[in-house]
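Worksheet: the structure to be examined is printed underneath.
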Amino acid sequence: MVEDLTTLVVDAPCRHVAVGFPGDMDSGIVLEPGNLAREGGIGTPVDAEIDAQWRGYHLEAALRAATGRDVRVVNDATLAALGASLGESRELVFTLGTGFGIALVVDGTLVRIRDVGAEVFADEETYDEALGEPSRARDAQRWQQLLHRAVADFVEEFDARIIHFGGGNARHVQARDFEDVAERVVVNDDLSTLRGALRLFVADVA
């Protein structure tokens with residue numbers, strides 16, 4: 001991965017690089033690799049050897065050393081949250097893509113919460129398995145129903161007032177379908193993640 005990303009970075013005229021990682025991160029270090037430890041992706045078993053190699057790996061430092069650029073690596077849901085946040089009240093950001101992620105922002109400040117992707121959710125499936133793209137592709141109606149259930153549960157758990165949707169599958173979500181679970185619902189486009197990347201380096205981005 002470092003080799004592939006380095007090729008992309010050095011070919012680009014960028015001095016600052018933001019990376020959204022699909023697993024649990026802390027200060028640029030991988031705590032849990034999510035589906036990257038599954039050789040066949042979502043729905044396949046975790047490979048213990050791959051999982052062990054990822055845990056504790058300082059991905060940010062490795063990318064900085066390999067590229068010579070100012071690289072910052074955060075969880076992908078965190079990156080989306082940085083870009084989507086309105087900076088007010090309690091905001092919960094749901095990232096819908098290959099997997100499923102959440103992030104919490106309180107009065108404009110990110111609050112560290114657990115990575116829920118690998119937690120068991122419905123029918124012995126994890127959140128990633130039940131709410132990721134493979135599940136949506138198989139049965140879009142079931143995916144919508146499970147998404148509404150998950151969102152309602154997390155809004156209650158984190159006492160959220162505003163909810164955001166981001167990621168590639170946000171295009172399959174309509175705000176009116178979730179008006180019963182939050183005071184405000186925002187469906188974001190891909191620009192919100194780019195704003196999140198910028199906010200890793202520059203504060204108060206409009």
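The way I read the labels, and the way they are meant: chains A, B, ... in the order of the structure tokens, residue 1 as the first residue of every chain, and ligand 1 as the first ligand shown, with later ones counted on from there.
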
Show me a table, sorted first by chain and then by increasing residue number, of the residues of range 65-167 of chain A having an atom at most 9 Å from range 37-49 of chain A, each with its shortest atom pair and the distance in Å to one decimal, counting only C-alpha atoms and written as JSON lines.
```
{"residue": "A:Thr98", "atom": "CA", "partner": "A:Ile42", "partner_atom": "CA", "distance": 8.0}
{"residue": "A:Gly99", "atom": "CA", "partner": "A:Ile42", "partner_atom": "CA", "distance": 7.7}
{"residue": "A:Glu125", "atom": "CA", "partner": "A:Gly43", "partner_atom": "CA", "distance": 8.5}
{"residue": "A:Thr126", "atom": "CA", "partner": "A:Gly43", "partner_atom": "CA", "distance": 8.9}
{"residue": "A:Asp128", "atom": "CA", "partner": "A:Ile42", "partner_atom": "CA", "distance": 7.0}
{"residue": "A:Glu129", "atom": "CA", "partner": "A:Ile42", "partner_atom": "CA", "distance": 6.0}
{"residue": "A:Gly132", "atom": "CA", "partner": "A:Ile42", "partner_atom": "CA", "distance": 8.0}
{"residue": "A:Pro134", "atom": "CA", "partner": "A:Ile42", "partner_atom": "CA", "distance": 7.8}
```

Mind checking which residues fall within 8 Å of Val155 in chain A, counting only C-alpha atoms, ignoring those fewer than 4 positions away in the same chain, and posting them as a compact mmCIF listing (two decimals) with N, CA and C atoms, in the first residue's frame?
```txt
# COMPACT_ATOMS: atom_id res chain seq x y z
N LEU A 92 -23.43 13.78 14.13
CA LEU A 92 -23.00 12.41 13.89
C LEU A 92 -22.90 12.22 12.38
N VAL A 151 -28.89 3.97 12.10
CA VAL A 151 -28.81 5.41 12.32
C VAL A 151 -29.62 5.80 13.55
N ASP A 159 -26.75 10.87 21.40
CA ASP A 159 -27.57 12.05 21.62
C ASP A 159 -27.33 13.10 20.54
N ALA A 160 -27.32 12.66 19.29
CA ALA A 160 -27.03 13.54 18.16
C ALA A 160 -28.22 14.42 17.81
N ARG A 161 -27.94 15.65 17.41
CA ARG A 161 -28.98 16.57 16.96
C ARG A 161 -28.96 16.73 15.45
N ILE A 163 -27.44 14.92 11.80
CA ILE A 163 -26.77 13.77 11.22
C ILE A 163 -26.38 14.09 9.78
N VAL A 181 -35.52 10.84 12.97
CA VAL A 181 -34.52 10.44 13.97
C VAL A 181 -33.58 11.58 14.36
N ALA A 182 -33.62 12.72 13.67
CA ALA A 182 -32.72 13.83 14.01
C ALA A 182 -33.36 15.16 13.67
```

- Message: Please return, as a PyMOL selection string, all residues of range 1-202 of chain A that DSSP assigns to strand (DSSP E or B) on the basis of the backbone.
- Response: chain A and resi 16-21+24-26+29-32+58+70-75+90-96+100-106+109-111+120-122+125-126+162-166+184-187

Write out, as a tab-separated table, each residue of range 12-106 of chain A that has an atom at most 12 Å from range 197-201 of chain A, together with the closest pair of atoms and their distance in Å to one decimal, counting only C-alpha atoms, rows going by chain and rising number.
```
residue	atom	partner	partner_atom	distance
A:Cys14	CA	A:Leu198	CA	12.0
A:Arg15	CA	A:Phe201	CA	11.1
A:His16	CA	A:Phe201	CA	8.0
A:Val17	CA	A:Ala197	CA	7.8
A:Ala18	CA	A:Ala197	CA	5.3
A:Val19	CA	A:Ala197	CA	7.7
A:Gly20	CA	A:Ala197	CA	8.5
A:Asp70	CA	A:Phe201	CA	9.5
A:Val71	CA	A:Leu200	CA	9.8
A:Arg72	CA	A:Leu200	CA	7.4
A:Val73	CA	A:Leu200	CA	9.2
A:Val74	CA	A:Leu200	CA	9.1
A:Asn75	CA	A:Ala197	CA	11.4
A:Asp76	CA	A:Ala197	CA	10.1
A:Ala77	CA	A:Ala197	CA	11.6
A:Thr78	CA	A:Ala197	CA	9.9
A:Leu79	CA	A:Ala197	CA	6.4
A:Ala80	CA	A:Ala197	CA	8.4
A:Ala81	CA	A:Ala197	CA	10.1
A:Leu82	CA	A:Arg199	CA	6.6
A:Gly83	CA	A:Arg199	CA	7.1
A:Ala84	CA	A:Arg199	CA	10.6
A:Ser85	CA	A:Arg199	CA	10.7
```

- Message: Neighbouring residues of Gly108 in chain A were defined as those with any atom within 7 Å, considering only C-alpha atoms; residues of the same chain fewer than 2 positions away were excluded. Please report them as an MDAnalysis selection string.
- Response: chainID A and resid 85:88 105:106 110

May I have the residues from that selection written out with C-alpha atoms, as a PDB file, in the first residue's frame?
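Result file out.pdb:
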```
ATOM      1  CA  SER A  85     -19.321  19.303  10.248  1.00  0.00           C
ATOM      2  CA  LEU A  86     -21.266  22.541  10.599  1.00  0.00           C
ATOM      3  CA  GLY A  87     -19.492  23.281  13.882  1.00  0.00           C
ATOM      4  CA  GLU A  88     -22.618  23.360  15.997  1.00  0.00           C
ATOM      5  CA  VAL A 105     -18.375  16.099  16.330  1.00  0.00           C
ATOM      6  CA  VAL A 106     -19.479  18.191  19.320  1.00  0.00           C
ATOM      7  CA  LEU A 110     -14.057  15.788  16.947  1.00  0.00           C
TER       8      LEU A 110
END
```

- Message: Can you pull out the residues contacting Arg114 in chain A? Cut-off 12 Å, using only C-alpha atoms, and skip same-chain residues under 3 positions away; I want them as a list in words.
- Response: Gly23, Asp24, Met25, Asp26, Leu31, Glu32, Asn75, Ala77, Thr78, Gly101, Ile102, Ala103, Leu104, Val111, Gly117, Ala118, Glu119, Phe154 and Phe158 of chain A

Any chance you could export the current selection's N, CA and C atoms as a compact mmCIF listing (two decimals), in the first residue's frame?
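Heads up, here's the output in again.txt:
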```txt
# COMPACT_ATOMS: atom_id res chain seq x y z
N GLY A 23 -9.98 2.03 8.84
CA GLY A 23 -9.81 1.28 10.08
C GLY A 23 -9.55 2.25 11.20
N ASP A 24 -9.33 1.75 12.39
CA ASP A 24 -9.15 2.60 13.57
C ASP A 24 -7.71 3.11 13.63
N MET A 25 -7.58 4.44 13.78
CA MET A 25 -6.27 5.09 13.79
C MET A 25 -6.10 5.93 15.05
N ASP A 26 -4.86 6.14 15.44
CA ASP A 26 -4.55 7.10 16.51
C ASP A 26 -3.17 7.68 16.23
N LEU A 31 -4.53 1.11 14.69
CA LEU A 31 -4.94 0.33 15.86
C LEU A 31 -5.66 -0.95 15.44
N GLU A 32 -6.46 -0.83 14.39
CA GLU A 32 -7.24 -1.97 13.87
C GLU A 32 -7.48 -1.73 12.39
N ASN A 75 -8.69 8.12 10.24
CA ASN A 75 -9.79 7.24 9.85
C ASN A 75 -10.62 7.91 8.77
N ALA A 77 -13.82 7.86 8.16
CA ALA A 77 -15.03 8.51 8.68
C ALA A 77 -14.68 9.82 9.38
N THR A 78 -13.53 9.86 10.02
CA THR A 78 -13.06 11.09 10.65
C THR A 78 -12.81 12.16 9.60
N GLY A 101 -18.98 3.60 8.47
CA GLY A 101 -18.25 4.27 9.54
C GLY A 101 -19.06 5.38 10.18
N ILE A 102 -18.74 5.72 11.41
CA ILE A 102 -19.37 6.85 12.09
C ILE A 102 -18.31 7.70 12.75
N ALA A 103 -18.64 8.99 12.92
CA ALA A 103 -17.78 9.91 13.64
C ALA A 103 -18.66 10.93 14.36
N LEU A 104 -18.19 11.40 15.49
CA LEU A 104 -18.96 12.34 16.31
C LEU A 104 -18.20 13.66 16.42
N VAL A 111 -14.80 14.18 18.57
CA VAL A 111 -14.75 13.40 19.82
C VAL A 111 -14.44 11.96 19.43
N GLY A 117 -17.33 -0.69 12.64
CA GLY A 117 -17.47 -1.52 11.46
C GLY A 117 -17.47 -3.01 11.71
N ALA A 118 -16.63 -3.46 12.65
CA ALA A 118 -16.49 -4.90 12.90
C ALA A 118 -17.44 -5.41 13.97
N GLU A 119 -18.25 -4.53 14.56
CA GLU A 119 -19.20 -4.97 15.57
C GLU A 119 -20.36 -5.72 14.92
N PHE A 154 -27.72 4.79 16.74
CA PHE A 154 -26.54 5.60 17.06
C PHE A 154 -26.92 7.03 17.42
N PHE A 158 -25.59 8.46 20.98
CA PHE A 158 -24.69 9.62 21.07
C PHE A 158 -25.43 10.94 21.22
```
